[in-house]
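Pasting start05.pdb here (PDB, C-alpha atoms):
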```pdb
ATOM      1  CA  MET A   1      -9.129  -5.915  38.126
ATOM      2  CA  ASN A   2     -12.513  -5.476  36.464
ATOM      3  CA  VAL A   3     -12.152  -4.342  32.849
ATOM      4  CA  SER A   4     -15.378  -3.355  31.164
ATOM      5  CA  GLY A   5     -16.295  -4.218  27.602
ATOM      6  CA  LEU A   6     -16.065  -0.522  26.739
ATOM      7  CA  VAL A   7     -12.437  -0.340  27.895
ATOM      8  CA  TRP A   8     -11.608  -3.494  25.930
ATOM      9  CA  ALA A   9     -13.259  -2.076  22.819
ATOM     10  CA  GLY A  10     -11.519   1.299  23.168
ATOM     11  CA  THR A  11      -8.128  -0.376  23.644
ATOM     12  CA  LEU A  12      -8.596  -2.614  20.620
ATOM     13  CA  VAL A  13      -9.700   0.302  18.425
ATOM     14  CA  ALA A  14      -6.757   2.473  19.484
ATOM     15  CA  LEU A  15      -4.143  -0.267  18.995
ATOM     16  CA  THR A  16      -5.646  -1.315  15.658
ATOM     17  CA  ALA A  17      -5.554   2.311  14.462
ATOM     18  CA  ILE A  18      -1.838   2.541  15.305
ATOM     19  CA  LEU A  19      -1.090  -0.665  13.416
ATOM     20  CA  VAL A  20      -3.148   0.457  10.400
ATOM     21  CA  ILE A  21      -1.293   3.783  10.260
ATOM     22  CA  ASP A  22       1.999   1.905  10.490
ATOM     23  CA  LEU A  23       0.933  -0.387   7.628
ATOM     24  CA  LEU A  24      -0.157   2.553   5.461
ATOM     25  CA  VAL A  25       3.199   4.281   5.989
ATOM     26  CA  ILE A  26       5.051   1.161   4.823
ATOM     27  CA  GLY A  27       2.690   0.550   1.903
ATOM     28  CA  ARG A  28       3.130   4.085   0.654
ATOM     29  CA  ARG A  29       6.925   3.953   0.588
ATOM     30  CA  PRO A  30       8.605   0.542   0.975
ATOM     31  CA  HIS A  31      12.216   1.091   2.074
ATOM     32  CA  GLU A  32      14.935  -0.011   4.432
ATOM     33  CA  PRO A  33      14.632   2.333   7.438
ATOM     34  CA  SER A  34      17.668   4.245   8.622
ATOM     35  CA  VAL A  35      19.056   3.924  12.148
ATOM     36  CA  ARG A  36      17.544   7.322  12.988
ATOM     37  CA  GLU A  37      14.092   6.363  11.713
ATOM     38  CA  SER A  38      14.177   3.026  13.516
ATOM     39  CA  SER A  39      15.353   4.716  16.724
ATOM     40  CA  LEU A  40      12.482   7.205  16.616
ATOM     41  CA  TRP A  41       9.882   4.467  16.075
ATOM     42  CA  VAL A  42      11.300   2.233  18.830
ATOM     43  CA  THR A  43      11.403   5.223  21.193
ATOM     44  CA  PHE A  44       7.793   6.039  20.273
ATOM     45  CA  TYR A  45       6.531   2.526  21.001
ATOM     46  CA  VAL A  46       8.519   2.226  24.243
ATOM     47  CA  ALA A  47       7.197   5.635  25.365
ATOM     48  CA  LEU A  48       3.680   4.523  24.437
ATOM     49  CA  ALA A  49       4.035   1.415  26.626
ATOM     50  CA  LEU A  50       5.406   3.480  29.508
ATOM     51  CA  LEU A  51       2.531   5.973  29.204
ATOM     52  CA  PHE A  52       0.002   3.138  29.088
ATOM     53  CA  GLY A  53       1.496   1.705  32.272
ATOM     54  CA  GLY A  54       1.315   5.167  33.831
ATOM     55  CA  GLY A  55      -2.365   5.352  32.921
ATOM     56  CA  LEU A  56      -2.916   1.966  34.575
ATOM     57  CA  TRP A  57      -1.130   3.263  37.668
ATOM     58  CA  LEU A  58      -3.492   6.226  37.922
ATOM     59  CA  ALA A  59      -6.605   4.174  37.156
ATOM     60  CA  ALA A  60      -5.937   0.919  39.011
ATOM     61  CA  GLY A  61      -2.928   1.385  41.262
ATOM     62  CA  GLY A  62       0.756   0.507  41.411
ATOM     63  CA  LYS A  63       0.270  -3.274  41.648
ATOM     64  CA  VAL A  64      -1.564  -3.463  38.321
ATOM     65  CA  ALA A  65       0.934  -1.103  36.658
ATOM     66  CA  GLY A  66       3.822  -3.160  38.058
ATOM     67  CA  GLU A  67       2.334  -6.342  36.613
ATOM     68  CA  PHE A  68       1.958  -4.669  33.211
ATOM     69  CA  TYR A  69       5.524  -3.330  33.192
ATOM     70  CA  THR A  70       6.983  -6.690  34.293
ATOM     71  CA  GLY A  71       4.909  -8.593  31.732
ATOM     72  CA  TRP A  72       5.774  -6.142  28.963
ATOM     73  CA  LEU A  73       9.496  -6.290  29.769
ATOM     74  CA  THR A  74       9.400 -10.097  29.790
ATOM     75  CA  GLU A  75       7.549 -10.280  26.467
ATOM     76  CA  TYR A  76       9.797  -7.613  24.939
ATOM     77  CA  SER A  77      12.964  -9.482  25.912
ATOM     78  CA  LEU A  78      11.553 -12.753  24.550
ATOM     79  CA  SER A  79      10.580 -10.905  21.355
ATOM     80  CA  VAL A  80      14.195  -9.788  20.906
ATOM     81  CA  ASP A  81      15.091 -13.476  20.934
ATOM     82  CA  ASN A  82      12.577 -13.945  18.088
ATOM     83  CA  LEU A  83      14.629 -11.545  15.972
ATOM     84  CA  PHE A  84      17.405 -14.121  15.625
ATOM     85  CA  VAL A  85      14.967 -16.427  13.831
ATOM     86  CA  PHE A  86      13.556 -13.541  11.761
ATOM     87  CA  VAL A  87      17.079 -12.776  10.502
ATOM     88  CA  ILE A  88      17.507 -16.446   9.509
ATOM     89  CA  ILE A  89      14.134 -16.502   7.705
ATOM     90  CA  MET A  90      14.906 -13.309   5.768
ATOM     91  CA  ALA A  91      18.262 -14.733   4.691
ATOM     92  CA  ARG A  92      16.836 -18.175   3.860
ATOM     93  CA  PHE A  93      14.204 -16.692   1.519
ATOM     94  CA  SER A  94      16.468 -13.882   0.205
ATOM     95  CA  VAL A  95      13.924 -11.155   0.992
ATOM     96  CA  PRO A  96      15.023  -7.766  -0.425
ATOM     97  CA  ARG A  97      15.812  -5.347   2.425
ATOM     98  CA  GLN A  98      13.328  -2.697   1.248
ATOM     99  CA  TYR A  99      10.430  -5.159   1.572
ATOM    100  CA  GLN A 100      11.355  -6.680   4.905
ATOM    101  CA  GLN A 101       9.364  -4.057   6.831
ATOM    102  CA  LYS A 102       6.097  -5.177   5.249
ATOM    103  CA  VAL A 103       6.897  -8.834   5.851
ATOM    104  CA  LEU A 104       7.595  -8.195   9.511
ATOM    105  CA  LEU A 105       4.526  -6.037  10.103
ATOM    106  CA  ILE A 106       2.040  -8.409   8.478
ATOM    107  CA  GLY A 107       3.694 -11.381  10.175
ATOM    108  CA  ILE A 108       3.415  -9.608  13.527
ATOM    109  CA  VAL A 109      -0.260  -8.777  12.924
ATOM    110  CA  LEU A 110      -0.930 -12.460  12.176
ATOM    111  CA  ALA A 111       0.927 -13.426  15.343
ATOM    112  CA  LEU A 112      -1.137 -10.957  17.397
ATOM    113  CA  ILE A 113      -4.360 -12.470  16.126
ATOM    114  CA  MET A 114      -3.178 -15.987  16.906
ATOM    115  CA  ARG A 115      -1.786 -14.993  20.306
ATOM    116  CA  GLY A 116      -5.168 -13.487  21.159
ATOM    117  CA  GLY A 117      -6.630 -16.987  20.881
ATOM    118  CA  PHE A 118      -3.867 -18.412  23.088
ATOM    119  CA  ILE A 119      -4.454 -15.741  25.718
ATOM    120  CA  ALA A 120      -8.216 -16.345  25.781
ATOM    121  CA  ALA A 121      -7.668 -20.102  26.118
ATOM    122  CA  GLY A 122      -5.035 -19.649  28.841
ATOM    123  CA  ALA A 123      -7.222 -17.273  30.849
ATOM    124  CA  ALA A 124     -10.170 -19.677  30.621
ATOM    125  CA  LEU A 125      -8.037 -22.623  31.778
ATOM    126  CA  ILE A 126      -6.545 -20.723  34.713
ATOM    127  CA  SER A 127      -9.947 -19.490  35.905
ATOM    128  CA  GLN A 128     -11.262 -23.063  35.962
ATOM    129  CA  PHE A 129      -8.214 -25.126  36.909
ATOM    130  CA  SER A 130      -5.559 -23.644  39.201
ATOM    131  CA  TRP A 131      -3.405 -26.785  38.716
ATOM    132  CA  VAL A 132      -2.630 -25.542  35.189
ATOM    133  CA  PHE A 133       0.144 -23.515  36.866
ATOM    134  CA  TYR A 134       1.988 -26.784  37.532
ATOM    135  CA  ILE A 135       1.978 -27.515  33.789
ATOM    136  CA  PHE A 136       2.943 -23.965  32.803
ATOM    137  CA  GLY A 137       5.730 -23.880  35.402
ATOM    138  CA  ALA A 138       7.163 -27.265  34.427
ATOM    139  CA  PHE A 139       7.056 -26.322  30.730
ATOM    140  CA  LEU A 140       8.912 -23.044  31.363
ATOM    141  CA  ILE A 141      11.595 -24.787  33.415
ATOM    142  CA  TYR A 142      11.988 -27.382  30.651
ATOM    143  CA  THR A 143      12.201 -24.601  28.027
ATOM    144  CA  ALA A 144      14.771 -22.726  30.123
ATOM    145  CA  ILE A 145      16.996 -25.807  30.359
ATOM    146  CA  ASN A 146      16.795 -26.409  26.600
ATOM    147  CA  LEU A 147      17.496 -22.742  25.834
ATOM    148  CA  ALA A 148      20.532 -22.737  28.123
ATOM    149  CA  ARG A 149      21.873 -25.854  26.411
ATOM    150  CA  GLN A 150      21.191 -24.912  22.792
ATOM    151  CA  GLY A 151      21.753 -21.145  22.729
ATOM    152  CA  GLU A 152      20.625 -19.064  19.761
ATOM    153  CA  PRO A 153      19.593 -20.991  16.627
ATOM    154  CA  GLY A 154      21.957 -21.022  13.677
ATOM    155  CA  GLU A 155      20.906 -20.797  10.047
ATOM    156  CA  ASP A 156      21.434 -24.527   9.564
ATOM    157  CA  GLU A 157      19.147 -25.254  12.568
ATOM    158  CA  PHE A 158      16.076 -23.563  11.077
ATOM    159  CA  THR A 159      13.595 -26.086   9.714
ATOM    160  CA  GLU A 160      10.432 -25.238   7.823
ATOM    161  CA  ASN A 161       7.284 -26.147   9.730
ATOM    162  CA  VAL A 162       4.381 -28.217   8.387
ATOM    163  CA  LEU A 163       2.366 -25.214   7.195
ATOM    164  CA  ILE A 164       5.288 -23.803   5.203
ATOM    165  CA  ARG A 165       6.007 -27.160   3.562
ATOM    166  CA  TRP A 166       2.310 -27.648   2.728
ATOM    167  CA  SER A 167       2.110 -24.137   1.222
ATOM    168  CA  ARG A 168       5.090 -24.851  -1.002
ATOM    169  CA  ARG A 169       3.479 -28.042  -2.313
ATOM    170  CA  ALA A 170      -0.160 -26.967  -2.593
ATOM    171  CA  LEU A 171       0.109 -23.372  -3.844
ATOM    172  CA  PRO A 172       1.389 -22.157  -7.225
ATOM    173  CA  ILE A 173       4.504 -20.196  -6.234
ATOM    174  CA  SER A 174       6.450 -18.001  -8.645
ATOM    175  CA  ALA A 175      10.205 -18.332  -8.947
ATOM    176  CA  GLY A 176      10.952 -14.751  -7.857
ATOM    177  CA  TYR A 177       9.541 -11.757  -6.030
ATOM    178  CA  ASP A 178       7.343  -9.085  -7.615
ATOM    179  CA  GLY A 179       8.041  -6.162  -5.328
ATOM    180  CA  ALA A 180       6.169  -6.637  -2.063
ATOM    181  CA  ARG A 181       3.146  -8.212  -3.786
ATOM    182  CA  LEU A 182       1.671 -11.487  -2.615
ATOM    183  CA  THR A 183       0.510 -12.470  -6.121
ATOM    184  CA  THR A 184       1.810 -11.971  -9.635
ATOM    185  CA  HIS A 185       0.872 -12.822 -13.234
ATOM    186  CA  GLN A 186       3.196 -14.960 -15.340
ATOM    187  CA  ASN A 187       2.311 -16.391 -18.747
ATOM    188  CA  GLY A 188      -1.344 -15.538 -18.250
ATOM    189  CA  ARG A 189      -1.571 -17.350 -14.917
ATOM    190  CA  ARG A 190      -1.797 -15.992 -11.369
ATOM    191  CA  TYR A 191       0.884 -17.165  -8.952
ATOM    192  CA  PHE A 192       1.614 -16.482  -5.312
ATOM    193  CA  THR A 193       5.038 -14.954  -4.767
ATOM    194  CA  PRO A 194       7.571 -16.237  -2.207
ATOM    195  CA  MET A 195       6.503 -13.225  -0.106
ATOM    196  CA  LEU A 196       3.438 -15.204   1.025
ATOM    197  CA  ILE A 197       5.610 -18.096   2.214
ATOM    198  CA  VAL A 198       7.864 -15.675   4.116
ATOM    199  CA  MET A 199       4.884 -14.091   5.881
ATOM    200  CA  ILE A 200       3.567 -17.530   6.823
ATOM    201  CA  ALA A 201       7.027 -18.407   8.164
ATOM    202  CA  ILE A 202       7.229 -15.234  10.269
ATOM    203  CA  GLY A 203       3.679 -15.557  11.633
ATOM    204  CA  THR A 204       3.842 -19.264  12.482
ATOM    205  CA  THR A 205       7.345 -19.010  13.934
ATOM    206  CA  ASP A 206       6.212 -16.239  16.263
ATOM    207  CA  LEU A 207       3.228 -18.367  17.243
ATOM    208  CA  ILE A 208       5.627 -21.158  18.219
ATOM    209  CA  PHE A 209       7.523 -18.674  20.385
ATOM    210  CA  ALA A 210       4.196 -17.824  22.036
ATOM    211  CA  LEU A 211       4.156 -21.341  23.509
ATOM    212  CA  ASP A 212       6.690 -20.174  26.094
ATOM    213  CA  SER A 213       5.985 -16.422  26.204
ATOM    214  CA  ILE A 214       2.253 -16.768  27.005
ATOM    215  CA  PRO A 215       2.794 -19.115  29.992
ATOM    216  CA  ALA A 216       5.630 -16.809  31.102
ATOM    217  CA  ILE A 217       3.428 -13.736  31.316
ATOM    218  CA  PHE A 218       0.632 -15.698  33.009
ATOM    219  CA  GLY A 219       3.252 -16.375  35.672
ATOM    220  CA  ILE A 220       3.377 -12.628  36.264
ATOM    221  CA  THR A 221      -0.299 -11.705  35.982
ATOM    222  CA  GLN A 222      -3.513 -13.619  35.422
ATOM    223  CA  GLU A 223      -5.372 -10.564  34.143
ATOM    224  CA  ALA A 224      -6.201 -11.263  30.492
ATOM    225  CA  TYR A 225      -6.295  -7.506  29.738
ATOM    226  CA  LEU A 226      -2.722  -7.019  31.008
ATOM    227  CA  VAL A 227      -1.508 -10.171  29.251
ATOM    228  CA  PHE A 228      -2.961  -9.002  25.943
ATOM    229  CA  THR A 229      -1.793  -5.381  26.110
ATOM    230  CA  ALA A 230       1.718  -6.400  27.243
ATOM    231  CA  ASN A 231       1.962  -8.724  24.238
ATOM    232  CA  VAL A 232       0.707  -6.065  21.844
ATOM    233  CA  PHE A 233       3.133  -3.409  23.065
ATOM    234  CA  ALA A 234       6.016  -5.902  22.989
ATOM    235  CA  LEU A 235       5.313  -6.856  19.363
ATOM    236  CA  MET A 236       4.377  -3.431  17.983
ATOM    237  CA  GLY A 237       7.911  -2.077  17.990
ATOM    238  CA  LEU A 238       9.535  -5.352  16.984
ATOM    239  CA  ARG A 239       9.754  -4.436  13.282
ATOM    240  CA  GLN A 240      11.748  -1.270  13.952
ATOM    241  CA  LEU A 241      13.874  -3.023  16.561
ATOM    242  CA  TYR A 242      14.843  -5.582  13.915
ATOM    243  CA  PHE A 243      16.457  -2.852  11.789
ATOM    244  CA  LEU A 244      17.816  -0.873  14.759
ATOM    245  CA  LEU A 245      19.750  -3.767  16.277
ATOM    246  CA  GLY A 246      20.974  -5.098  12.938
ATOM    247  CA  GLY A 247      24.407  -6.609  13.413
ATOM    248  CA  LEU A 248      24.210  -6.077  17.180
ATOM    249  CA  LEU A 249      22.174  -9.302  17.446
ATOM    250  CA  ASP A 250      25.314 -11.318  16.698
ATOM    251  CA  ARG A 251      27.004  -9.664  19.693
ATOM    252  CA  LEU A 252      24.283 -10.605  22.209
ATOM    253  CA  ILE A 253      25.863 -13.996  22.740
ATOM    254  CA  TYR A 254      24.619 -14.401  26.326
ATOM    255  CA  LEU A 255      21.035 -13.345  25.637
ATOM    256  CA  SER A 256      19.850 -16.953  25.543
ATOM    257  CA  ALA A 257      21.457 -17.628  28.906
ATOM    258  CA  GLY A 258      19.756 -14.541  30.347
ATOM    259  CA  LEU A 259      16.374 -15.517  28.920
ATOM    260  CA  ALA A 260      16.856 -19.055  30.242
ATOM    261  CA  VAL A 261      17.309 -17.601  33.733
ATOM    262  CA  VAL A 262      14.199 -15.440  33.312
ATOM    263  CA  LEU A 263      12.051 -18.342  32.073
ATOM    264  CA  GLY A 264      13.400 -20.623  34.792
ATOM    265  CA  PHE A 265      12.657 -18.022  37.474
ATOM    266  CA  ILE A 266       9.093 -17.522  36.247
ATOM    267  CA  GLY A 267       8.644 -21.295  35.985
ATOM    268  CA  VAL A 268       9.678 -21.759  39.619
ATOM    269  CA  LYS A 269       7.418 -18.843  40.589
ATOM    270  CA  LEU A 270       4.471 -20.546  38.878
ATOM    271  CA  VAL A 271       5.122 -23.866  40.623
ATOM    272  CA  LEU A 272       5.368 -22.114  44.012
ATOM    273  CA  GLU A 273       2.072 -20.335  43.387
ATOM    274  CA  ALA A 274       0.482 -23.620  42.355
ATOM    275  CA  LEU A 275       1.711 -25.207  45.605
ATOM    276  CA  ALA A 276       0.394 -22.290  47.663
ATOM    277  CA  ASP A 277      -3.064 -22.708  46.073
ATOM    278  CA  ASN A 278      -2.854 -26.487  45.758
ATOM    279  CA  ASN A 279      -6.029 -28.554  45.617
ATOM    280  CA  LEU A 280      -4.678 -31.685  43.927
ATOM    281  CA  PRO A 281      -5.412 -34.671  46.203
ATOM    282  CA  PHE A 282      -2.072 -36.426  45.536
ATOM    283  CA  ILE A 283      -0.023 -33.372  46.632
ATOM    284  CA  ASN A 284      -0.001 -32.649  50.371
ATOM    285  CA  GLY A 285      -3.336 -34.431  50.722
ATOM    286  CA  GLY A 286      -5.098 -31.801  48.632
ATOM    287  CA  GLU A 287      -4.188 -29.031  51.103
ATOM    288  CA  HIS A 288      -2.372 -25.770  50.432
ATOM    289  CA  VAL A 289       1.409 -25.971  50.931
ATOM    290  CA  GLY A 290       2.136 -23.477  53.672
ATOM    291  CA  TRP A 291       5.864 -23.101  53.114
ATOM    292  CA  ALA A 292       5.487 -22.077  49.431
ATOM    293  CA  PRO A 293       6.289 -18.345  49.338
ATOM    294  CA  HIS A 294       4.556 -15.706  47.232
ATOM    295  CA  ILE A 295       7.094 -13.843  45.092
ATOM    296  CA  PRO A 296       6.066 -10.158  44.924
ATOM    297  CA  ILE A 297       5.935  -8.326  41.625
ATOM    298  CA  TRP A 298       8.729  -5.908  42.612
ATOM    299  CA  LEU A 299      11.084  -8.839  43.141
ATOM    300  CA  SER A 300      10.097 -10.384  39.801
ATOM    301  CA  LEU A 301      10.754  -7.073  38.040
ATOM    302  CA  THR A 302      14.130  -6.702  39.791
ATOM    303  CA  VAL A 303      15.240 -10.229  38.861
ATOM    304  CA  ILE A 304      14.163  -9.847  35.228
ATOM    305  CA  LEU A 305      15.736  -6.403  34.786
ATOM    306  CA  GLY A 306      18.927  -7.426  36.561
ATOM    307  CA  THR A 307      19.303 -10.651  34.578
ATOM    308  CA  LEU A 308      18.797  -8.947  31.215
ATOM    309  CA  ALA A 309      21.166  -6.111  32.141
ATOM    310  CA  VAL A 310      23.916  -8.550  33.199
ATOM    311  CA  ALA A 311      23.416 -10.725  30.078
ATOM    312  CA  THR A 312      23.596  -7.678  27.782
ATOM    313  CA  ALA A 313      26.634  -6.158  29.507
ATOM    314  CA  ALA A 314      28.476  -9.493  29.547
ATOM    315  CA  SER A 315      27.658 -10.070  25.866
ATOM    316  CA  LEU A 316      28.958  -6.683  24.766
ATOM    317  CA  ALA A 317      32.097  -7.020  26.923
ATOM    318  CA  LYS A 318      32.833 -10.486  25.497
ATOM    319  CA  SER A 319      32.275  -9.244  21.929
ATOM    320  CA  SER A 320      34.629  -6.308  22.491
ATOM    321  CA  ARG A 321      37.352  -8.601  23.853
ATOM    322  CA  ASP A 322      36.946 -10.983  20.925
ATOM    323  CA  ARG A 323      37.124  -8.112  18.440
ATOM    324  CA  ARG A 324      40.297  -6.718  20.016
ATOM    325  CA  ARG A 325      41.842 -10.201  19.982
ATOM    326  CA  GLU A 326      40.993 -10.610  16.280
ATOM    327  CA  LEU A 327      42.549  -7.237  15.472
ATOM    328  CA  THR A 328      45.714  -8.179  17.401
ATOM    329  CA  VAL A 329      45.986 -11.489  15.530
ATOM    330  CA  ALA A 330      45.399  -9.735  12.177
ATOM    331  CA  LYS A 331      48.236  -7.267  12.885
ATOM    332  CA  HIS A 332      50.657 -10.096  13.530
TER     333      HIS A 332
END
```

Can I see the file as C-alpha cells?
Amino acid sequence: MNVSGLVWAGTLVALTAILVIDLLVIGRRPHEPSVRESSLWVTFYVALALLFGGGLWLAAGGKVAGEFYTGWLTEYSLSVDNLFVFVIIMARFSVPRQYQQKVLLIGIVLALIMRGGFIAAGAALISQFSWVFYIFGAFLIYTAINLARQGEPGEDEFTENVLIRWSRRALPISAGYDGARLTTHQNGRRYFTPMLIVMIAIGTTDLIFALDSIPAIFGITQEAYLVFTANVFALMGLRQLYFLLGGLLDRLIYLSAGLAVVLGFIGVKLVLEALADNNLPFINGGEHVGWAPHIPIWLSLTVILGTLAVATAASLAKSSRDRRRELTVAKH
C-alpha cells in the first residue's frame, strides 16, 4: 500500500478538524451528556470508521479494508478496557461529572500525539528488523497471561505514575477545582488546578496501554497509515462511550478474559509470522520455518469478533444471574 504525502496530509487535516469541532462543542457548554447524546456520538464515530473502511475498500481493495476493520476493532476493544482505569481516575480525583468530557477529550488528544510517535518508531523498526515480531509477539503473550490472571484493575490497584507524582511535587496545585480551568488565581498567585493532574493521568495512562495495543495492531497490519487511522478512530469515540456504558462496565466481568484471548492470539500470530520470515542465525539455521502458517485476515477478524461477542454475552448473562440471586436473597 503506497500512501502519498497528500493523502496523509488530507487525512490529518480532516481528523484534526473533527477533534477541534468536538472540543469547541464541549468548551461552549460543559455538561454531562445524556444517554441519547452519547449514543448519537458513538453511532456517528462508528459510522465514520465504517465509511472510512468502505473508502479503503474502493480505493485499495478488500485486503486493505479488512486489515483496517480488524485493527480498528482490536484497538476499540482494548480502548474499552481503558475505560475501567478512566473511571478509577475520575473517582480518585473527584472530577465533577460536567467537566469529565473535557478531561477525556484533551487526555485522548495527548494520547493520540504520543501514540503517533510510537507508531512511527514501530514502523521504522519493523521495516529494518523483521525479528522485532518475535519481541512483539512474546510481549503480547506475556501481557495476555497477566491480564487473564489479574482481571480488571480495582480502585485500590491504581498507582500514580512518576509523571503524576512529579507534577504534584513540582507544580503549585490549588486545593480545589475552578470549573474546567487548568489554572486559577488564589491570594494574588497563579496556581494549577487538579484538572491538570487529571489530564496528565488520563494521557499517560492511555500511553501505557499503547504498549500492548500498538504491537497488537502491528500484528494485524504493518501499514503505518492503517495503524494510525485505526488508532484514531478507536480513540475518537472513547469519550462518548465512557458516558454511554456508565454502570455497564461493572457488568463486563469477562472482558479481560476475552481481551487476553485476543492479545494471546495476535501474539501467537506475530511469532508465526516471524518464524515464516525468519533470518536469525540461531533459529533454524537462519532459514525460514516452512511449517509456520500464515493466518489470513478473515480468520483474525472472525476470532476477534467471536471472542469479544462470547465474552460480552457471558458477562451479561453472569451479571443477570447474580442480580436475580441477590434479589432472591433480599426477599428472604

Contacts between stretch 91-102 of chain A and stretch 194-282 of chain A, please, where a residue of stretch 194-282 of chain A counts if it comes within 10 Å (with all atoms listed in the file); show its shortest atom pair and distance in Å to one decimal, rows by chain and ascending number, as a tab-separated table.
```
residue	atom	partner	partner_atom	distance
A:Pro194	CA	A:Phe93	CA	7.6
A:Met195	CA	A:Val95	CA	7.8
A:Ile197	CA	A:Phe93	CA	8.7
A:Val198	CA	A:Phe93	CA	6.9
A:Met199	CA	A:Lys102	CA	9.0
A:Ala201	CA	A:Phe93	CA	9.9
A:Arg239	CA	A:Gln101	CA	6.5
A:Gln240	CA	A:Gln101	CA	8.0
A:Tyr242	CA	A:Gln101	CA	9.1
A:Phe243	CA	A:Gln101	CA	8.7
```

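Against this structure, the PyMOL selection byres ((chain A and resi 208) around 12) ends up with Ser79, Asn82, Val85, Ala111, Met114, Arg115, Phe118, Asn161, Ala201, Ile202, Gly203, Thr204, Thr205, Asp206, Leu207, Phe209, Ala210, Leu211, Asp212, Ser213 and Ile214 of chain A.
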
message: With only C-alpha atoms as the counted atoms, please give the residues lying no more than 7 Å from stretch 64-69 of chain A, apart from itself and same-chain residues fewer than 4 positions off, as a ChimeraX atom specification.
response: /A:53-54,56-57,60,73,220-221,226,230,297

message: Need the shell around A:Thr302: protein/DNA/RNA residues with any atom at most 12 Å away, counting all atoms listed in the file. Skip same-chain ones fewer than 4 positions apart. Format as a VMD selection string?
response: chain A and resid 66 69 to 70 73 to 74 262 265 295 to 298 306 to 310

Could those residues be written to a file, using C-alpha atoms, as a short mmCIF file (atom, residue, chain, number, x, y, z; two decimals), in the coordinates of the input?
```
data_model
loop_
_atom_site.label_atom_id
_atom_site.label_comp_id
_atom_site.auth_asym_id
_atom_site.auth_seq_id
_atom_site.Cartn_x
_atom_site.Cartn_y
_atom_site.Cartn_z
CA GLY A 66 3.82 -3.16 38.06
CA TYR A 69 5.52 -3.33 33.19
CA THR A 70 6.98 -6.69 34.29
CA LEU A 73 9.50 -6.29 29.77
CA THR A 74 9.40 -10.10 29.79
CA VAL A 262 14.20 -15.44 33.31
CA PHE A 265 12.66 -18.02 37.47
CA ILE A 295 7.09 -13.84 45.09
CA PRO A 296 6.07 -10.16 44.92
CA ILE A 297 5.94 -8.33 41.62
CA TRP A 298 8.73 -5.91 42.61
CA GLY A 306 18.93 -7.43 36.56
CA THR A 307 19.30 -10.65 34.58
CA LEU A 308 18.80 -8.95 31.22
CA ALA A 309 21.17 -6.11 32.14
CA VAL A 310 23.92 -8.55 33.20
#
```

Explicit residues for the PyMOL selection byres ((chain A and resi 123) around 12) (as a PDB file with C-alpha atoms, in the frame of the given file):
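So selection_2.pdb came out as:
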```
ATOM      1  CA  GLY A 116      -5.168 -13.487  21.159  1.00  0.00           C
ATOM      2  CA  GLY A 117      -6.630 -16.987  20.881  1.00  0.00           C
ATOM      3  CA  PHE A 118      -3.867 -18.412  23.088  1.00  0.00           C
ATOM      4  CA  ILE A 119      -4.454 -15.741  25.718  1.00  0.00           C
ATOM      5  CA  ALA A 120      -8.216 -16.345  25.781  1.00  0.00           C
ATOM      6  CA  ALA A 121      -7.668 -20.102  26.118  1.00  0.00           C
ATOM      7  CA  GLY A 122      -5.035 -19.649  28.841  1.00  0.00           C
ATOM      8  CA  ALA A 124     -10.170 -19.677  30.621  1.00  0.00           C
ATOM      9  CA  LEU A 125      -8.037 -22.623  31.778  1.00  0.00           C
ATOM     10  CA  ILE A 126      -6.545 -20.723  34.713  1.00  0.00           C
ATOM     11  CA  SER A 127      -9.947 -19.490  35.905  1.00  0.00           C
ATOM     12  CA  GLN A 128     -11.262 -23.063  35.962  1.00  0.00           C
ATOM     13  CA  PHE A 129      -8.214 -25.126  36.909  1.00  0.00           C
ATOM     14  CA  SER A 130      -5.559 -23.644  39.201  1.00  0.00           C
ATOM     15  CA  VAL A 132      -2.630 -25.542  35.189  1.00  0.00           C
ATOM     16  CA  PHE A 133       0.144 -23.515  36.866  1.00  0.00           C
ATOM     17  CA  ILE A 214       2.253 -16.768  27.005  1.00  0.00           C
ATOM     18  CA  PRO A 215       2.794 -19.115  29.992  1.00  0.00           C
ATOM     19  CA  ILE A 217       3.428 -13.736  31.316  1.00  0.00           C
ATOM     20  CA  PHE A 218       0.632 -15.698  33.009  1.00  0.00           C
ATOM     21  CA  GLY A 219       3.252 -16.375  35.672  1.00  0.00           C
ATOM     22  CA  THR A 221      -0.299 -11.705  35.982  1.00  0.00           C
ATOM     23  CA  GLN A 222      -3.513 -13.619  35.422  1.00  0.00           C
ATOM     24  CA  GLU A 223      -5.372 -10.564  34.143  1.00  0.00           C
ATOM     25  CA  ALA A 224      -6.201 -11.263  30.492  1.00  0.00           C
ATOM     26  CA  TYR A 225      -6.295  -7.506  29.738  1.00  0.00           C
ATOM     27  CA  LEU A 226      -2.722  -7.019  31.008  1.00  0.00           C
ATOM     28  CA  VAL A 227      -1.508 -10.171  29.251  1.00  0.00           C
ATOM     29  CA  PHE A 228      -2.961  -9.002  25.943  1.00  0.00           C
TER      30      PHE A 228
END
```

- request: Tell me, as an NGL selection string, which residues lie within 12 Å of A:Trp291, counting all atoms listed in the file; anything in the same chain fewer than 4 positions away does not count.
  value: :A and (272-273 or 275-278 or 284 or 287)

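Proximity ranking of A:Leu263, A:Ile106, A:Leu241, A:Val268 relative to A:Val80 places A:Leu241 first, based on all atoms listed in the file.
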
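Between atom CA of A:Tyr254 and atom CA of A:Thr143 there is a distance of 16.2 Å.
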
task: Enumerate, as a VMD selection string, the protein, DNA and RNA residues whose atoms approach (3.6, -11.3, -7.8) to within 10 Å, taking into account all atoms listed in the file and the coordinate frame of the file.
output: chain A and resid 173 to 186 190 to 196

query: Given the choices A:Phe233, A:Phe282, A:Tyr142, A:Phe84, which gets closest to A:Ser256 if the distance is worked out from all atoms listed in the file?
result: A:Phe84

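Using all atoms listed in the file, the shortest contact distance between A:Asn231 and any of A:Leu112, A:Met90, A:Ala138, A:Val20 is found at A:Leu112.
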